[in-house]
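model_34.txt (compact mmCIF, C-alpha atoms)
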```
# COMPACT_ATOMS: atom_id res chain seq x y z
CA MET A 1 0.00 0.00 0.00
CA THR A 2 1.53 3.27 -1.11
CA SER A 3 1.62 6.15 1.36
CA PRO A 4 -0.07 9.42 0.37
CA THR A 5 2.13 12.08 -1.14
CA LEU A 6 2.84 15.39 0.54
CA ARG A 7 0.77 17.19 -2.09
CA ASN A 8 -2.31 15.01 -1.42
CA ARG A 9 -1.98 15.43 2.33
CA LEU A 10 -1.65 19.18 2.04
CA LEU A 11 -4.56 19.33 -0.37
CA ALA A 12 -6.86 17.31 1.88
CA THR A 13 -5.85 19.27 4.98
CA LEU A 14 -6.33 22.67 3.36
CA ILE A 15 -9.71 21.68 1.90
CA LEU A 16 -10.94 20.46 5.28
CA VAL A 17 -9.63 23.59 6.99
CA ALA A 18 -11.53 25.73 4.50
CA LEU A 19 -14.77 23.74 4.16
CA ILE A 20 -15.49 22.80 7.77
CA PRO A 21 -15.60 26.40 9.13
CA ALA A 22 -17.47 27.54 6.01
CA GLY A 23 -20.06 24.77 6.36
CA ILE A 24 -20.59 25.44 10.07
CA THR A 25 -20.93 29.18 9.40
CA LEU A 26 -23.49 28.62 6.63
CA ALA A 27 -25.49 26.19 8.77
CA VAL A 28 -25.64 28.60 11.72
CA ALA A 29 -26.50 31.50 9.42
CA SER A 30 -29.26 29.52 7.70
CA LEU A 31 -30.84 28.46 10.99
CA SER A 32 -30.63 32.02 12.32
CA LEU A 33 -32.24 33.46 9.18
CA ARG A 34 -34.97 30.85 9.30
CA GLU A 35 -35.70 31.70 12.92
CA ILE A 36 -35.75 35.44 12.19
CA VAL A 37 -37.99 35.07 9.17
CA GLN A 38 -40.35 32.75 10.98
CA THR A 39 -40.51 35.14 13.94
CA THR A 40 -40.99 38.37 12.03
CA GLY A 41 -42.29 37.25 8.68
CA SER A 42 -45.86 36.19 9.71
CA SER A 43 -48.73 38.60 8.81
CA GLY A 44 -51.02 37.21 11.54
CA ALA A 45 -50.18 39.93 14.06
CA TRP A 46 -50.87 42.64 11.53
CA ASP A 47 -54.18 40.98 10.64
CA GLU A 48 -55.21 41.15 14.30
CA VAL A 49 -54.20 44.81 14.44
CA ALA A 50 -56.20 45.41 11.28
CA VAL A 51 -59.31 43.76 12.76
CA THR A 52 -59.19 45.73 15.99
CA GLY A 53 -58.40 48.92 14.12
CA ARG A 54 -61.35 48.47 11.80
CA GLU A 55 -63.62 47.87 14.81
CA VAL A 56 -62.50 51.19 16.31
CA LEU A 57 -62.94 53.01 13.03
CA ASP A 58 -66.35 51.43 12.41
CA ARG A 59 -67.55 52.55 15.86
CA ILE A 60 -66.40 56.07 15.14
CA ASP A 61 -68.24 55.99 11.85
CA ALA A 62 -71.39 54.67 13.62
CA GLU A 63 -71.61 57.59 16.00
CA PRO A 64 -74.35 60.13 15.24
CA PRO A 65 -73.21 63.11 13.20
CA GLY A 66 -71.99 65.96 15.31
CA THR A 67 -71.02 63.83 18.27
CA VAL A 68 -67.48 63.18 17.02
CA SER A 69 -65.08 66.05 16.61
CA PRO A 70 -63.73 66.76 13.08
CA GLU A 71 -60.14 66.30 14.28
CA LEU A 72 -60.92 62.77 15.47
CA LEU A 73 -62.51 61.92 12.14
CA ILE A 74 -59.46 63.18 10.25
CA ALA A 75 -57.11 61.21 12.53
CA ALA A 76 -59.26 58.10 12.16
CA GLU A 77 -59.17 58.39 8.35
CA ARG A 78 -55.38 58.83 8.36
CA HIS A 79 -55.03 55.80 10.61
CA ARG A 80 -57.20 53.78 8.26
CA ASP A 81 -54.88 54.56 5.32
CA HIS A 82 -51.71 53.77 7.26
CA LEU A 83 -53.18 50.58 8.65
CA GLY A 84 -54.14 49.35 5.21
CA SER A 85 -50.68 50.03 3.82
CA SER A 86 -48.99 48.30 6.77
CA VAL A 87 -51.18 45.22 6.46
CA ARG A 88 -50.50 45.02 2.72
CA LEU A 89 -46.74 45.30 3.22
CA ALA A 90 -46.85 42.73 6.01
CA ARG A 91 -48.58 40.25 3.73
CA ILE A 92 -45.98 40.87 0.96
CA TYR A 93 -43.14 40.41 3.48
CA ALA A 94 -44.73 37.19 4.76
CA LEU A 95 -45.03 35.87 1.20
CA LEU A 96 -41.41 36.70 0.40
CA GLY A 97 -40.30 35.16 3.70
CA GLU A 98 -42.06 31.91 2.85
CA ARG A 99 -40.42 31.84 -0.58
CA PHE A 100 -37.03 32.68 0.99
CA LEU A 101 -37.36 29.82 3.48
CA LEU A 102 -38.11 27.48 0.60
CA LEU A 103 -35.01 28.66 -1.36
CA LEU A 104 -32.70 29.01 1.67
CA PRO A 105 -31.40 25.37 1.57
CA LEU A 106 -30.67 25.64 -2.15
CA PHE A 107 -28.94 29.01 -1.68
CA SER A 108 -26.85 27.64 1.21
CA LEU A 109 -25.87 24.60 -0.82
CA ALA A 110 -24.88 26.75 -3.83
CA LEU A 111 -22.85 29.05 -1.60
CA LEU A 112 -21.17 26.05 0.04
CA LEU A 113 -20.32 24.63 -3.39
CA LEU A 114 -18.87 27.98 -4.47
CA ILE A 115 -16.78 28.23 -1.32
CA GLY A 116 -15.73 24.60 -1.75
CA GLY A 117 -14.67 25.19 -5.34
CA LEU A 118 -12.62 28.23 -4.39
CA ALA A 119 -11.14 26.33 -1.46
CA ILE A 120 -10.16 23.38 -3.67
CA TRP A 121 -8.62 25.68 -6.29
CA SER A 122 -6.66 27.67 -3.71
CA ALA A 123 -5.65 24.58 -1.76
CA ASN A 124 -4.50 22.86 -4.94
CA ARG A 125 -2.31 25.80 -5.92
CA LEU A 126 -0.87 26.13 -2.43
CA ALA A 127 -0.30 22.38 -2.06
CA ARG A 128 1.37 22.21 -5.47
CA GLY A 129 3.52 25.24 -4.65
CA LEU A 130 4.68 23.59 -1.41
CA ALA A 131 4.92 20.00 -2.59
CA ARG A 132 6.76 20.61 -5.88
CA PRO A 133 9.87 22.20 -4.28
CA ALA A 134 9.86 19.55 -1.56
CA GLU A 135 9.76 16.75 -4.16
CA GLU A 136 12.46 18.49 -6.20
CA LEU A 137 14.71 18.89 -3.17
CA ALA A 138 14.15 15.22 -2.31
CA GLY A 139 15.41 14.44 -5.80
CA TRP A 140 18.43 16.64 -5.11
CA THR A 141 19.29 14.54 -2.05
CA ARG A 142 19.22 11.41 -4.25
CA LEU A 143 21.58 13.13 -6.69
CA LEU A 144 23.88 14.04 -3.80
CA GLY A 145 23.87 10.45 -2.63
CA ALA A 146 24.75 9.25 -6.14
CA GLY A 147 27.50 11.84 -6.50
CA LYS A 148 25.83 13.53 -9.47
CA PRO A 149 25.76 17.31 -10.07
CA LEU A 150 22.72 19.32 -9.02
CA PRO A 151 20.59 20.96 -11.74
CA ALA A 152 20.77 24.68 -12.30
CA ASP A 153 18.20 26.80 -10.47
CA SER A 154 15.61 28.87 -12.29
CA ALA A 155 15.69 32.53 -11.24
CA HIS A 156 11.93 32.87 -11.91
CA ALA A 157 11.15 29.85 -9.72
CA GLU A 158 13.35 31.17 -6.90
CA ARG A 159 11.54 34.52 -6.91
CA ARG A 160 8.16 32.79 -6.52
CA GLU A 161 9.39 30.29 -3.95
CA VAL A 162 9.08 30.68 -0.20
CA ARG A 163 12.23 31.84 1.58
CA GLU A 164 12.75 28.60 3.51
CA PHE A 165 12.93 26.53 0.31
CA THR A 166 15.41 29.01 -1.18
CA LEU A 167 17.59 28.71 1.91
CA LEU A 168 17.34 24.93 1.73
CA ARG A 169 18.43 25.00 -1.92
CA GLN A 170 21.42 27.13 -1.03
CA SER A 171 22.32 24.78 1.82
CA LEU A 172 22.13 21.75 -0.48
CA ARG A 173 24.33 23.48 -3.05
CA THR A 174 26.85 24.33 -0.33
CA MET A 175 26.73 20.72 0.85
CA ALA A 176 27.23 19.50 -2.74
CA ALA A 177 30.29 21.71 -3.13
CA GLU A 178 31.70 20.50 0.18
CA LEU A 179 31.04 16.86 -0.73
CA GLU A 180 32.69 17.33 -4.12
CA HIS A 181 35.70 18.96 -2.47
CA THR A 182 35.88 16.16 0.10
CA ARG A 183 35.54 13.53 -2.63
CA GLU A 184 38.37 15.12 -4.61
CA ARG A 185 40.56 15.28 -1.52
CA GLU A 186 39.87 11.62 -0.75
CA MET A 187 40.72 10.64 -4.33
CA ASP A 188 43.90 12.69 -4.16
CA GLN A 189 44.83 11.09 -0.86
CA ALA A 190 44.16 7.62 -2.27
CA ARG A 191 46.35 8.36 -5.29
CA MET A 192 49.02 9.85 -3.03
CA ARG A 193 49.03 6.74 -0.83
CA SER A 194 49.35 4.52 -3.88
CA TRP A 195 52.09 6.61 -5.41
CA SER A 196 53.97 7.09 -2.15
CA GLU A 197 54.12 3.35 -1.62
CA MET A 198 55.41 2.84 -5.15
CA ALA A 199 57.84 5.77 -4.78
CA ARG A 200 59.35 4.29 -1.63
CA ARG A 201 59.87 0.97 -3.39
CA VAL A 202 61.45 2.68 -6.40
CA ALA A 203 63.71 4.75 -4.13
CA HIS A 204 64.81 1.58 -2.35
CA GLU A 205 65.57 -0.18 -5.64
CA ILE A 206 67.52 2.83 -6.94
CA LYS A 207 69.61 3.30 -3.80
CA ASN A 208 70.86 -0.28 -3.65
CA PRO A 209 73.13 -0.12 -6.75
CA LEU A 210 74.15 3.52 -6.31
CA MET A 211 76.94 2.90 -3.80
CA PRO A 212 78.91 0.43 -5.97
CA MET A 213 78.20 2.63 -8.99
CA ARG A 214 79.62 5.65 -7.09
CA MET A 215 82.76 3.73 -6.16
CA ALA A 216 83.23 2.60 -9.74
CA ALA A 217 82.70 6.12 -11.08
CA ASP A 218 85.30 7.52 -8.65
CA ARG A 219 87.87 5.01 -9.99
CA VAL A 220 87.06 5.93 -13.56
CA VAL A 221 87.38 9.66 -12.78
CA ALA A 222 90.85 8.96 -11.28
CA SER A 223 92.03 7.40 -14.55
CA SER A 224 95.11 8.92 -16.21
CA ASP A 225 93.33 8.75 -19.55
CA GLU A 226 91.50 12.07 -19.96
CA ARG A 227 88.79 10.57 -22.13
CA VAL A 228 88.14 7.86 -19.59
CA ALA A 229 88.15 10.42 -16.78
CA ALA A 230 85.67 12.62 -18.69
CA ALA A 231 83.38 9.63 -19.10
CA GLY A 232 83.72 9.00 -15.38
CA ARG A 233 82.71 12.56 -14.58
CA VAL A 234 79.60 12.19 -16.77
CA LEU A 235 78.84 8.95 -14.96
CA ALA A 236 79.28 10.65 -11.59
CA GLU A 237 76.92 13.47 -12.59
CA GLU A 238 74.25 10.98 -13.60
CA ILE A 239 74.75 9.10 -10.34
CA ASP A 240 74.23 12.40 -8.48
CA ARG A 241 71.01 12.91 -10.42
CA LEU A 242 69.85 9.40 -9.56
CA GLU A 243 70.63 10.02 -5.89
CA GLY A 244 68.57 13.19 -5.96
CA LEU A 245 65.79 11.31 -7.70
CA ALA A 246 65.92 8.58 -5.06
CA ARG A 247 65.73 11.19 -2.28
CA SER A 248 62.70 12.79 -3.97
CA PHE A 249 60.97 9.45 -4.29
CA ALA A 250 61.73 8.62 -0.67
CA GLN A 251 60.24 11.93 0.48
CA PHE A 252 57.11 11.53 -1.61
CA GLY A 253 54.02 10.72 0.48
CA ARG A 254 55.91 11.14 3.75
CA PRO A 255 54.84 14.05 5.95
CA PRO A 256 57.47 16.40 7.36
CA GLU A 257 59.14 14.93 10.42
CA GLY A 258 60.15 16.50 13.71
CA PRO A 259 58.82 19.47 15.67
CA MET A 260 57.96 22.76 14.01
CA SER A 261 59.93 25.92 14.55
CA GLU A 262 59.43 29.62 13.88
CA ILE A 263 60.46 30.48 10.32
CA ASP A 264 61.09 33.90 8.81
CA LEU A 265 59.69 33.45 5.30
CA GLY A 266 61.47 36.51 3.94
CA GLU A 267 64.84 35.20 5.10
CA LEU A 268 64.05 31.73 3.78
CA ILE A 269 63.09 33.08 0.34
CA ALA A 270 66.21 35.24 0.16
CA SER A 271 68.37 32.24 1.07
CA VAL A 272 66.82 30.04 -1.63
CA VAL A 273 67.09 32.79 -4.25
CA ARG A 274 70.79 33.32 -3.45
CA ARG A 275 71.46 29.68 -4.27
CA THR A 276 69.22 29.44 -7.38
CA GLY A 277 69.47 32.95 -8.84
CA ASP A 278 72.99 32.58 -10.26
CA GLY A 279 71.80 30.52 -13.24
CA PRO A 280 70.83 31.70 -16.71
CA VAL A 281 67.52 33.07 -15.40
CA PRO A 282 67.80 35.77 -12.72
CA VAL A 283 65.34 35.92 -9.82
CA THR A 284 63.96 39.11 -8.31
CA VAL A 285 62.30 39.22 -4.90
CA ASP A 286 59.70 41.52 -3.41
CA LEU A 287 59.74 41.19 0.36
CA PRO A 288 57.96 43.30 3.00
CA ASP A 289 59.95 45.49 5.34
CA GLU A 290 58.77 43.67 8.44
CA PRO A 291 59.59 39.98 9.08
CA VAL A 292 56.85 37.48 8.21
CA ARG A 293 57.07 34.56 10.62
CA ILE A 294 55.09 31.33 10.69
CA MET A 295 55.41 27.97 12.41
CA GLY A 296 56.56 25.19 10.11
CA HIS A 297 59.20 22.71 8.95
CA LEU A 298 62.17 24.56 7.49
CA GLU A 299 63.38 21.81 5.16
CA ALA A 300 59.93 21.14 3.70
CA LEU A 301 59.18 24.82 3.06
CA GLU A 302 62.64 25.37 1.59
CA ARG A 303 61.97 22.50 -0.82
CA VAL A 304 58.62 24.10 -1.78
CA ILE A 305 60.19 27.45 -2.68
CA ARG A 306 63.17 25.87 -4.45
CA ASN A 307 60.98 23.61 -6.61
CA LEU A 308 58.72 26.50 -7.64
CA VAL A 309 61.63 28.81 -8.43
CA VAL A 310 63.52 26.16 -10.42
CA ASN A 311 60.36 25.26 -12.36
CA ALA A 312 59.79 28.94 -13.13
CA GLN A 313 63.40 29.28 -14.36
CA ASP A 314 62.98 26.25 -16.62
CA ALA A 315 59.72 27.67 -17.99
CA ALA A 316 61.38 31.04 -18.64
CA VAL A 317 64.16 29.37 -20.65
CA MET A 318 61.68 27.28 -22.64
CA GLY A 319 59.52 30.34 -23.34
CA ASN A 320 62.42 32.46 -24.65
CA PRO A 321 65.00 30.12 -26.25
CA ASP A 322 66.51 32.80 -28.50
CA ALA A 323 66.25 35.85 -26.24
CA PRO A 324 67.47 36.78 -22.78
CA PRO A 325 64.96 35.25 -20.33
CA THR A 326 62.75 37.52 -18.28
CA PRO A 327 63.60 37.33 -14.57
CA VAL A 328 61.48 35.14 -12.34
CA GLU A 329 59.61 37.10 -9.65
CA VAL A 330 59.11 35.91 -6.07
CA CYS A 331 56.72 37.99 -3.93
CA LEU A 332 55.89 37.61 -0.25
CA THR A 333 52.71 39.21 1.11
CA PRO A 334 51.76 39.14 4.81
CA LEU A 335 48.13 38.28 5.56
CA THR A 336 46.02 38.65 8.67
CA SER A 337 46.13 34.92 9.38
CA GLY A 338 49.30 33.93 7.55
CA ALA A 339 51.29 34.73 4.41
CA GLU A 340 51.13 34.31 0.65
CA ILE A 341 54.08 33.49 -1.61
CA ARG A 342 53.81 34.13 -5.36
CA VAL A 343 56.24 32.80 -7.96
CA LEU A 344 55.79 34.31 -11.43
CA ASP A 345 57.50 33.74 -14.77
CA ARG A 346 57.15 34.87 -18.38
CA GLY A 347 57.38 31.48 -19.98
CA THR A 348 54.87 29.71 -22.19
CA GLY A 349 52.31 29.38 -19.40
CA ILE A 350 50.19 26.33 -18.62
CA ALA A 351 47.56 24.97 -20.99
CA PRO A 352 44.12 25.35 -19.33
CA LYS A 353 43.40 21.63 -19.64
CA LEU A 354 46.63 20.86 -17.73
CA LEU A 355 46.04 23.19 -14.76
CA THR A 356 44.66 20.32 -12.68
CA ARG A 357 46.89 17.57 -14.08
CA ILE A 358 50.16 19.25 -13.11
CA TRP A 359 49.57 18.12 -9.52
CA GLU A 360 49.36 14.45 -10.50
CA PRO A 361 52.48 12.40 -9.65
CA GLU A 362 52.63 10.69 -13.03
CA PHE A 363 52.40 13.87 -15.08
CA THR A 364 55.29 16.02 -16.37
CA THR A 365 55.98 18.27 -19.36
CA LYS A 366 59.78 18.20 -18.99
CA ARG A 367 61.93 15.86 -21.02
CA LYS A 368 63.91 14.78 -17.94
CA GLY A 369 61.24 15.53 -15.38
CA THR A 370 60.26 13.03 -12.70
CA GLY A 371 56.66 14.29 -12.32
CA ILE A 372 56.79 14.44 -8.51
CA GLY A 373 58.11 18.00 -8.00
CA LEU A 374 54.74 19.78 -7.89
CA PRO A 375 53.00 16.92 -6.02
CA LEU A 376 55.74 17.23 -3.38
CA VAL A 377 55.06 20.98 -3.24
CA ARG A 378 51.35 20.48 -2.67
CA GLN A 379 51.98 17.71 -0.16
CA ALA A 380 54.27 19.92 1.93
CA VAL A 381 51.96 22.95 1.72
CA ARG A 382 48.92 20.92 2.78
CA ALA A 383 50.94 19.38 5.62
CA HIS A 384 51.27 22.98 6.91
CA GLY A 385 47.49 23.58 6.61
CA GLY A 386 47.88 25.71 3.47
CA GLU A 387 46.88 25.59 -0.18
CA VAL A 388 48.68 26.08 -3.48
CA TRP A 389 47.19 27.24 -6.80
CA ALA A 390 48.48 27.55 -10.36
CA GLY A 391 47.30 29.89 -13.09
CA ASN A 392 48.31 31.89 -16.13
CA ARG A 393 49.36 35.54 -16.16
CA GLU A 394 48.08 38.20 -18.48
CA GLY A 395 50.63 38.74 -21.21
CA GLY A 396 52.02 35.21 -20.93
CA GLY A 397 53.63 33.13 -18.26
CA ALA A 398 52.52 31.22 -15.19
CA GLU A 399 51.85 32.13 -11.59
CA PHE A 400 51.97 29.88 -8.54
CA ARG A 401 50.44 31.05 -5.24
CA VAL A 402 51.17 29.41 -1.89
CA ARG A 403 49.08 30.46 1.10
CA LEU A 404 50.27 29.37 4.54
CA PRO A 405 48.67 29.92 7.97
CA ILE A 406 50.66 31.33 10.87
CA THR A 407 50.19 28.14 12.85
CA PRO A 408 49.27 24.88 11.04
CA PRO A 409 46.33 22.95 12.49
CA ALA A 410 47.11 19.98 14.70
CA ARG A 411 47.21 16.70 12.79
```
Just give me the structure of the file as structure tokens.
Amino acid sequence: MTSPTLRNRLLATLILVALIPAGITLAVASLSLREIVQTTGSSGAWDEVAVTGREVLDRIDAEPPGTVSPELLIAAERHRDHLGSSVRLARIYALLGERFLLLLPLFSLALLLLIGGLAIWSANRLARGLARPAEELAGWTRLLGAGKPLPADSAHAERREVREFTLLRQSLRTMAAELEHTREREMDQARMRSWSEMARRVAHEIKNPLMPMRMAADRVVASSDERVAAAGRVLAEEIDRLEGLARSFAQFGRPPEGPMSEIDLGELIASVVRRTGDGPVPVTVDLPDEPVRIMGHLEALERVIRNLVVNAQDAAVMGNPDAPPTPVEVCLTPLTSGAEIRVLDRGTGIAPKLLTRIWEPEFTTKRKGTGIGLPLVRQAVRAHGGEVWAGNREGGGAEFRVRLPITPPAR
């Protein structure tokens, strides 16, 4: 047995609320009118007055001439006229009252039907106006449960809707956005766990042969044959690169270790720029006059700034292969609850379809890139309770923004 819908329940309730008081009111009014008409509508009392009045007038007329004063005769004649008119009107009123009493049930029934029709029409509109948004919002909850996007709202429907339903729509949309954000974070965390486990295994497999390879390369570099020594130096450089790659893989997916300390971001940025700004792409800094201090892990934040600056330098070289590269800009801005670091370049920028993929561990646009530099950046920033964004600049180039709180939330 199916349960009644909200619309049917509202419709039945509203109709009963409208018809029951209307029916009681009509019944009481009909009975009262009947009683009034029956009490005042009879012509019998006027007939008795007419009989007694005629007896008085007939006695006056029967008196011998001269015994009745002229004024009394005039008054008696006037009374006769008024009495006749009153009796005639009383009989007409009594006739109309009888007809009205006969038609009163039909009139009451017609009026009740009219009120009922208006009540049904109004109740139907009101019930539909209340039930339709409720049914639609129930459908929205099913879409939320299935992880599907919510339909777009109609501005005309929102203007005609009651305020509570509009607030409920806004709450559901806010919930949908939060669920989507949570779902994306969970998917990112699942991918990060998978990749971090694989990265640790790869780092372990890479590190095992590096020590004997290093010892062999050192012997080759010590050779008296210059060509052999040059080959050894190339081998040593590649071993250094593999060691750096192994360290990056080992760090991937592992949160910063040890206690936090107070860090002066301006000093940290200046230190990183001094070590990376001597290459083919210069780096300019824009730091505030006052120190900007936060609580964090020095090594992790240093790695964040270094990766972003080096990536910006590489992009600047790729964007201007035949011309002097435009300097990379690093800006630090203090905020009320933290600080924001911006790294800007004038390279080729980032294709819009790749703005979300650049944070994936398996994705890279560099020929010798490992694909874990930016994921390590985001991992470290999020470990400090912050966020990192990437975008394109007007006039060409890319911009990375890192926002960090003064004190990261407890994990």
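Those residues that approach Glu180 of chain A to within 10 Å, counting only C-alpha atoms, are A:Leu144, A:Gly147, A:Lys148, A:Pro149, A:Thr174, A:Glu186; same-chain residues fewer than 6 positions away are not listed.
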Residue nearest Arg169 of chain A - candidates A:Pro361, A:Gly117, A:Gly397, A:Pro151, atoms counted: all atoms listed in the file: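 Using all atoms listed in the file, the shortest distance to Arg169 of chain A belongs to A:Pro151.
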Nearest-residue call for Val381 of chain A, choices A:Ile305, A:Ala146, A:Ala177, A:Leu344, using only C-alpha atoms: A:Ile305
A:Ala390, A:Ala190, A:Ala315, A:Ala27 ranked by distance to Leu111 of chain A, top pick (using only C-alpha atoms): A:Ala27
Selected residue, from A:Leu265, A:Ala236, A:Ile115, A:Val330, that lies nearest to Pro282 of chain A when counting all atoms listed in the file: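 That would be A:Val330, the residue with the smallest distance to Pro282 of chain A.
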Which of A:Thr284, A:Arg193, A:Ser108, A:Glu387 sits closest to Val28 of chain A [using only C-alpha atoms]: A:Ser108
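We find atom CA of Val388 of chain A and atom CA of Gly145 of chain A to be spaced 29.3 Å apart.
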For Met213 of chain A: contacts at 8 Å, only C-alpha atoms, fewer than 4 positions along chain excluded, given as a PyMOL selection string: chain A and resi 209+217+239
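The smallest atom-to-atom distance between Ile350 of chain A and any of A:Asn392, A:Thr13, A:Ser337, A:Ser86, using only C-alpha atoms, is found for A:Asn392.
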Point-to-point distance in Å for atom CA of Pro405 of chain A and atom CA of Ile294 of chain A: 7.1 Å
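For the atom pair formed by atom CA of Arg357 of chain A and atom CA of Leu374 of chain A, the distance is 10.2 Å, given to one decimal.
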Radius query 12 Å about (58.6, 36.1, 0.7), atoms used: all atoms listed in the file, as a ChimeraX atom specification: /A:263-273,284-294,301-302,305,329-335,338-343,401-404
Could you model N, CA and C atoms for segment 141-153 of chain A and present them as an mmCIF file, in the frame of the given file?
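Result file follows (rebuild_18.cif):
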```cif
data_model
loop_
_atom_site.group_PDB
_atom_site.id
_atom_site.type_symbol
_atom_site.label_atom_id
_atom_site.label_comp_id
_atom_site.auth_asym_id
_atom_site.auth_seq_id
_atom_site.Cartn_x
_atom_site.Cartn_y
_atom_site.Cartn_z
ATOM 1 N N THR A 141 18.576 15.374 -3.025
ATOM 2 C CA THR A 141 19.290 14.540 -2.050
ATOM 3 C C THR A 141 19.695 13.203 -2.669
ATOM 4 N N ARG A 142 18.841 12.660 -3.560
ATOM 5 C CA ARG A 142 19.220 11.410 -4.250
ATOM 6 C C ARG A 142 20.417 11.655 -5.168
ATOM 7 N N LEU A 143 20.434 12.814 -5.836
ATOM 8 C CA LEU A 143 21.580 13.130 -6.690
ATOM 9 C C LEU A 143 22.851 13.281 -5.860
ATOM 10 N N LEU A 144 22.706 13.910 -4.681
ATOM 11 C CA LEU A 144 23.880 14.040 -3.800
ATOM 12 C C LEU A 144 24.386 12.673 -3.380
ATOM 13 N N GLY A 145 23.454 11.777 -3.040
ATOM 14 C CA GLY A 145 23.870 10.450 -2.630
ATOM 15 C C GLY A 145 24.558 9.677 -3.738
ATOM 16 N N ALA A 146 24.138 9.938 -4.997
ATOM 17 C CA ALA A 146 24.750 9.250 -6.140
ATOM 18 C C ALA A 146 26.000 9.961 -6.649
ATOM 19 N N GLY A 147 26.326 11.116 -6.056
ATOM 20 C CA GLY A 147 27.500 11.840 -6.500
ATOM 21 C C GLY A 147 27.330 12.567 -7.812
ATOM 22 N N LYS A 148 26.093 12.846 -8.204
ATOM 23 C CA LYS A 148 25.830 13.530 -9.470
ATOM 24 C C LYS A 148 25.657 15.028 -9.229
ATOM 25 N N PRO A 149 25.906 15.856 -10.249
ATOM 26 C CA PRO A 149 25.760 17.310 -10.070
ATOM 27 C C PRO A 149 24.305 17.715 -9.931
ATOM 28 N N LEU A 150 24.065 18.793 -9.206
ATOM 29 C CA LEU A 150 22.720 19.320 -9.020
ATOM 30 C C LEU A 150 22.318 20.151 -10.229
ATOM 31 N N PRO A 151 21.034 20.147 -10.593
ATOM 32 C CA PRO A 151 20.590 20.960 -11.740
ATOM 33 C C PRO A 151 20.660 22.439 -11.417
ATOM 34 N N ALA A 152 20.718 23.227 -12.475
ATOM 35 C CA ALA A 152 20.770 24.680 -12.300
ATOM 36 C C ALA A 152 19.414 25.183 -11.838
ATOM 37 N N ASP A 153 19.435 26.205 -10.975
ATOM 38 C CA ASP A 153 18.200 26.800 -10.470
ATOM 39 C C ASP A 153 17.617 27.763 -11.493
#
```
